[in-house]
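Visitor: Dropping a structure here in structure tokens format, bear with me for questions.
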Amino acid sequence: MSYILSIDQGTTSSRAIVFDSSGRACGQAQKEFRQHFPHDGWVEHDAMEIWNDTLALCQQALRNARVEARQLAAIGITNQRETTVLWDRRTGDPLAKAIVWQDRRTASACQSLRDAGHEDMVRNKTGLLLDPYFSATKLAWLLDNVPGARPRAESGELAFGTIDCWLLWQLTRGKVHATDATNASRTLLFNIHEQVWDTALLELFDIPAAVLPEVRDSAGEFGSTCPELLGAAVPVAGIAGDQQAALVGQACFQPGMVKSTYGTGCFMVMNTGEAVESHNRLLTTVGYRLNGKTTYALEGSIFVAGAAIQWLRDGLNLIRDASETEALARRAGSAGGVYLVPAFTGLGAPWWDPHARGALLGLTRDTGIAEVVTAGLEAVCYQSRDLLDAMAADCGTRPTTLRVDGGMVVNNWLSQTLADVLGVCVDRPMVTETTALGAAYLAGLGVGLYDSLDAVAEQWRCEREFTPLLEEGERQRRYQGWREAVARVCQSPAGE
Ligand SMILES: Nc1ncnc2c1ncn2[C@@H]1O[C@H](COP(=O)(O)OP(=O)(O)O)[C@@H](O)[C@H]1O
Ligand SMILES: O=P(O)(O)OC[C@H](O)CO
């Protein structure tokens with residue numbers, strides 16, 4: 001039996017899962033890690049804490065699976081994207097805390113570049129928007145604000161990478177400084193049509209090429225782990241950003257297929273085959289690149305999904321555990337006209353307003369904890385509707401099925417409400433850890449364990465399908481209430 005170790009380093013927690021070649025999880029380990037909020041709109045992680053946790057979790061997952069490293073065919077890595085790490089090539093030590101994808105500190109820098117008329121050039125080359133979400137302005141901020149960083153970067157002393165690249169560097173003890181095309185496509189520095197770091201973009205964001213990693217296919221050679229880390233040298237053979245890994249894990253290999261992942265954030269990704277330009281403020285991005293062939297995708301990124309539930313737990317102390325939300329929502333039935341717009345770090349697609357902040361609207365004397373918690377869950381559904389409507393408008397056809405995954409979808413009330421609000425069937429797969437599974441599939445493709453995407457697709461199984469039960473008039477009424485709530489906090493509603 002061949003095994004694959006999948007590393008899934010997410011925004012809220014890090015995970016390591018051992019899969020067998022049939023895609024069955026044989027053992028895993030997971031750990032939440034510290035979120036740092038030093039100022040309003042700033043979000044940071046300790047990259048060394050992430051690395052130390054990841055190594056320990058890999059060792060624990062192997063023990064839990066009763067598998068030794070020498071039995072591993074490969075390792076796959078998937079990661080929270082855009083989060084930016086800058087480190088010393090000689091010592092491997094980060095120069096500062098990692099700036100997380102949710103961080104808004106470079107919103108004004110992005111606005112200045114928009115005011116200077118650069119948005120179209122950036123969008124044409126990268127498929128992205130000038131928003132603090134992406135790596136380039138975060139990296140420029142580090143180079144300009146960490147004393148001595150910029151001259152050291154220009155002299156080749158420093159390395160930049162997203163979390164996949166950082167973990168690969170640590171796993172190979174500094175031998176490999178590489179990333180994959182999906183992660184590169186999230187930096188605002190990578191031309192997704194030519195598949196190269198783009199000189200004009202490096203100049204625009206003032207990034208020295210000396211810090212950049214090599215960009216490789218999502219499946220293939222990424223070097224091997226140092227034997228002392230896990231007990232054997234294991235090839236790293238698959239890497240992808242977590243939302244693209246989930247696209248692979250959900251076997252969305254045909255154009256038009258859509259998956260949506262509900263973790264800290266929510267990310268809806270449609271396989272489009274060729275690159276499709278969005279006229280509804282979605283992102284054009286790399287779905288995966290295999291054997292040099294790039295498959296493109298449309299993506300809607302929502303910054304706060306499960307994070308809203310974490311806020312209800314940690315910020316308001318309304319619940320002790322996220323799992324309590326299902327019973328509370330069943331008791332309430334609906335949020336009863338209460339809307340939570342969770343714009344804690346601005347709004348993502350299709351609004352893209354980094355200055356928006358959260359709001360709780362529609363409160364009455366009858367509003368209780370159950371209604372507020374339900375509004376937190378419903379917000380995830382309404383934001384998903386925003387994205388699906390935008391995708392349908394861009395592609396000219398509305399998907400009839402949505403494949404869902406991520407920590408939130410264990411919540412049956414949420415999954416059913418998603419079907420009700422979106423008016424589509426919602427399919428939850430047998431393996432909900434599809435992000436990690438996707439990384440495992442890529443690693444398996446990278447070492448020839450699977451000979452094609454068809455072989456991977458044959459393994460996908462639906463665990464439960466949720467069909468829409470809400471009457472159309474009620475669906476539209478509730479959604480209209482959401483749109484009115486967003487208009488109260490969003491300074492630039494999409495289309496205005
Ligand atoms: N039963 C549940 N109902 C609603 N939300 C949940 C439930 N269980 C977990 N969550 C939320 O899911 C998120 C964790 O999902 P996960 O996919 O692990 O996130 P990430 O990959 O971003 O670390 C947390 O924000 C948590 O609040
Ligand atoms: O950590 P997740 O699962 O919320 O994913 C974060 C995304 O990769 C951000 O682009």
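Following the order of the structure tokens, chains are lettered A, B, ..., residues in each are numbered from 1, and ligands are numbered from 1.
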If we count only C-alpha atoms and set the cut-off at 8 Å, which residues sit around Lys31 (chain A), ignoring sequence neighbours fewer than 2 positions away in its own chain? Please answer as a count of residues only.

Guide: 7

Visitor: So that I can check the surroundings of Lys138 (chain A), please list as a VMD selection string every protein, DNA and RNA residue that reaches within 12 Å of it, counting only C-alpha atoms and ignoring chain neighbours fewer than 5 positions away.

Guide: chain A and resid 42 to 44 82 to 86 96 to 110 130 to 133 143 to 146 160 to 162 187 to 189 205 to 207

Visitor: Collect all residues with atoms no farther than 6 Å from ligand 1, counting only C-alpha atoms and all ligand atoms, and output them as a list in words.

Guide: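 Within the 6 Å cut-off, the matching residues are Gly10, Thr11, Thr12, Ser13, Gly263, Thr264, Gly306, Ala307, Ile309, Gln310, Ala322, Ser323, Thr325, Gly406, Gly407, Met408, Val410 and Asn411 of chain A.
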
Visitor: Suppose we keep N, CA, C and O atoms; can you now write the selection as a compact mmCIF listing (two decimals), in the first residue's frame?

Guide:
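Output contents, as saved in out.txt:
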# COMPACT_ATOMS: atom_id res chain seq x y z
N GLY A 10 -3.60 26.06 6.92
CA GLY A 10 -4.67 27.03 6.71
C GLY A 10 -4.52 28.27 7.56
O GLY A 10 -3.56 28.41 8.32
N THR A 11 -5.49 29.16 7.45
CA THR A 11 -5.42 30.44 8.16
C THR A 11 -5.68 30.27 9.65
O THR A 11 -5.08 30.93 10.49
N THR A 12 -6.59 29.35 9.97
CA THR A 12 -6.97 29.16 11.38
C THR A 12 -6.15 28.07 12.03
O THR A 12 -5.79 28.15 13.20
N SER A 13 -5.87 27.00 11.28
CA SER A 13 -5.17 25.85 11.86
C SER A 13 -4.27 25.21 10.81
O SER A 13 -4.41 25.46 9.61
N GLY A 263 -13.97 27.77 5.00
CA GLY A 263 -13.03 27.72 6.12
C GLY A 263 -13.06 29.07 6.81
O GLY A 263 -14.13 29.64 7.00
N THR A 264 -11.90 29.56 7.17
CA THR A 264 -11.84 30.92 7.74
C THR A 264 -12.53 31.89 6.80
O THR A 264 -13.36 32.69 7.18
N GLY A 306 -16.00 31.35 8.13
CA GLY A 306 -15.90 30.74 9.46
C GLY A 306 -15.34 31.70 10.49
O GLY A 306 -15.59 31.58 11.69
N ALA A 307 -14.61 32.69 10.00
CA ALA A 307 -14.04 33.69 10.93
C ALA A 307 -15.15 34.43 11.66
O ALA A 307 -14.99 34.88 12.79
N ILE A 309 -17.86 33.06 12.70
CA ILE A 309 -18.27 32.16 13.80
C ILE A 309 -17.23 32.23 14.92
O ILE A 309 -17.57 32.26 16.11
N GLN A 310 -15.96 32.33 14.51
CA GLN A 310 -14.90 32.49 15.52
C GLN A 310 -15.12 33.79 16.33
O GLN A 310 -14.93 33.83 17.53
N ALA A 322 -17.89 26.25 17.72
CA ALA A 322 -18.56 26.49 16.43
C ALA A 322 -19.68 25.48 16.19
O ALA A 322 -20.71 25.81 15.59
N SER A 323 -19.53 24.29 16.69
CA SER A 323 -20.53 23.24 16.43
C SER A 323 -21.88 23.56 17.05
O SER A 323 -22.91 23.04 16.63
N THR A 325 -23.51 26.17 16.67
CA THR A 325 -24.30 27.05 15.80
C THR A 325 -25.43 26.31 15.10
O THR A 325 -26.46 26.89 14.79
N GLY A 406 -14.60 22.10 3.42
CA GLY A 406 -14.08 23.01 4.45
C GLY A 406 -14.75 22.75 5.79
O GLY A 406 -15.78 22.08 5.88
N GLY A 407 -14.14 23.33 6.83
CA GLY A 407 -14.57 23.02 8.20
C GLY A 407 -16.03 23.34 8.48
O GLY A 407 -16.67 22.73 9.33
N MET A 408 -16.61 24.30 7.76
CA MET A 408 -17.99 24.72 8.07
C MET A 408 -19.05 23.75 7.58
O MET A 408 -20.15 23.70 8.12
N VAL A 410 -19.62 20.71 7.73
CA VAL A 410 -20.15 19.63 8.57
C VAL A 410 -21.50 20.05 9.15
O VAL A 410 -22.30 19.22 9.58
N ASN A 411 -21.75 21.35 9.11
CA ASN A 411 -22.98 21.93 9.64
C ASN A 411 -24.11 21.72 8.64
O ASN A 411 -24.17 22.40 7.60

Visitor: Have a look at A:Gly41, A:Ile4, A:Glu49, A:Ser301 and name the one nearest to Val67 (chain A); count only C-alpha atoms.

Guide: A:Ile4

Visitor: Can you list, as number ranges by chain, all residues belonging to region 183-395 of chain A that DSSP tags as helix (DSSP H, G or I)?

Guide: A: 183-184, 199-205, 209-211, 227-230, 242-249, 306-314, 324-332, 369-395

Visitor: Kindly indicate which residue among A:Cys490, A:Leu470, A:Val236, A:Ala65 lies nearest to Val18 (chain A), using only C-alpha atoms for the distances.

Guide: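 Of the candidates, the smallest distance to Val18 (chain A) is held by A:Ala65.
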
Visitor: Report the distance between CA of Ala332 (chain A) and CA of Ala370 (chain A) in Å, rounded to one decimal place.

Guide: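 Taking CA of Ala332 (chain A) as the start and CA of Ala370 (chain A) as the end point, the length is 5.7 Å.
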
Visitor: Expressed in Å to a single decimal, how great is the separation between CA of Arg385 (chain A) and CA of Ala308 (chain A)?

Guide: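 Computing it gives 17.2 Å between the two atoms.
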
Visitor: Mind checking which residues fall within 6 Å of region 417-429 of chain A, counting only C-alpha atoms, ignoring those fewer than 3 positions away in the same chain, and posting them as a PyMOL selection string?

Guide: chain A and resi 381+385+400-404+414+432+461-470+475

Visitor: May I have the residues within 10 Å of Glu154 (chain A) as a PyMOL selection string, using only C-alpha atoms and disregarding those fewer than 5 positions away in the same chain?

Guide: chain A and resi 143+149+207-211

Visitor: Put those residues in a file: N, CA and C atoms, as an mmCIF file, in the first residue's frame.

Guide:
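Printed below is part.cif as written:
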data_model
loop_
_atom_site.group_PDB
_atom_site.id
_atom_site.type_symbol
_atom_site.label_atom_id
_atom_site.label_comp_id
_atom_site.auth_asym_id
_atom_site.auth_seq_id
_atom_site.Cartn_x
_atom_site.Cartn_y
_atom_site.Cartn_z
ATOM 1 N N LEU A 143 9.806 45.185 2.768
ATOM 2 C CA LEU A 143 11.090 45.691 2.270
ATOM 3 C C LEU A 143 11.317 47.138 2.692
ATOM 4 N N ALA A 149 16.151 45.822 5.089
ATOM 5 C CA ALA A 149 15.650 44.697 4.277
ATOM 6 C C ALA A 149 15.864 44.931 2.792
ATOM 7 N N ILE A 207 9.825 45.473 -6.519
ATOM 8 C CA ILE A 207 10.252 44.198 -5.927
ATOM 9 C C ILE A 207 11.505 43.711 -6.672
ATOM 10 N N PRO A 208 12.614 43.477 -5.965
ATOM 11 C CA PRO A 208 13.818 42.951 -6.623
ATOM 12 C C PRO A 208 13.645 41.486 -6.986
ATOM 13 N N ALA A 209 13.971 41.127 -8.220
ATOM 14 C CA ALA A 209 13.781 39.750 -8.699
ATOM 15 C C ALA A 209 14.577 38.745 -7.856
ATOM 16 N N ALA A 210 15.633 39.212 -7.189
ATOM 17 C CA ALA A 210 16.525 38.305 -6.432
ATOM 18 C C ALA A 210 15.799 37.575 -5.301
ATOM 19 N N VAL A 211 14.628 38.105 -4.867
ATOM 20 C CA VAL A 211 13.957 37.441 -3.732
ATOM 21 C C VAL A 211 12.992 36.353 -4.188
#

Visitor: Quick one: of A:Ser6, A:Asn79, A:Asn280, A:Ser112, who's nearest to ligand 2, counting only C-alpha atoms and all ligand atoms?

Guide: A:Asn79

Visitor: Can you list every residue in region 327-365 of chain A that DSSP puts in strand (DSSP E), as a list of chain:residue names?

Guide: A:Tyr339, A:Leu340, A:Val341, A:Ala359, A:Leu360, A:Leu361

Visitor: Determine, counting only C-alpha atoms, which protein, DNA and RNA residues have an atom within 9 Å of an atom of Leu204 (chain A); residues of the same chain fewer than 3 positions away are not included. Present the result as a PyMOL selection string.

Guide: chain A and resi 113+118+199-201+207

Visitor: Take the residues that were just selected and, keeping C-alpha atoms, output them as an mmCIF file, in the first residue's frame.

Guide:
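Written output follows (out_23.cif):
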data_model
loop_
_atom_site.group_PDB
_atom_site.id
_atom_site.type_symbol
_atom_site.label_atom_id
_atom_site.label_comp_id
_atom_site.auth_asym_id
_atom_site.auth_seq_id
_atom_site.Cartn_x
_atom_site.Cartn_y
_atom_site.Cartn_z
ATOM 1 C CA LEU A 113 -1.653 52.688 -7.759
ATOM 2 C CA HIS A 118 -2.365 51.011 -13.183
ATOM 3 C CA THR A 199 9.306 42.636 -15.226
ATOM 4 C CA ALA A 200 6.822 45.518 -15.532
ATOM 5 C CA LEU A 201 4.966 44.324 -12.427
ATOM 6 C CA ILE A 207 10.252 44.198 -5.927
#

Visitor: I'd like the interatomic distance between CA of Asp405 (chain A) and CA of Ala246 (chain A), to a tenth of an Å.

Guide: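 Going from CA of Asp405 (chain A) over to CA of Ala246 (chain A), I get 7.8 Å.
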
Visitor: For ligand 2, which residue out of A:Phe222, A:Tyr262, A:Phe37, A:Trp87 is the nearest one, using only C-alpha atoms and all ligand atoms?

Guide: A:Tyr262

Visitor: Between A:Lys175, A:Cys26, A:Ile369, A:Gly249, which one has atoms that come closest to Arg63 (chain A), using only C-alpha atoms?

Guide: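 Closest candidate: A:Cys26.
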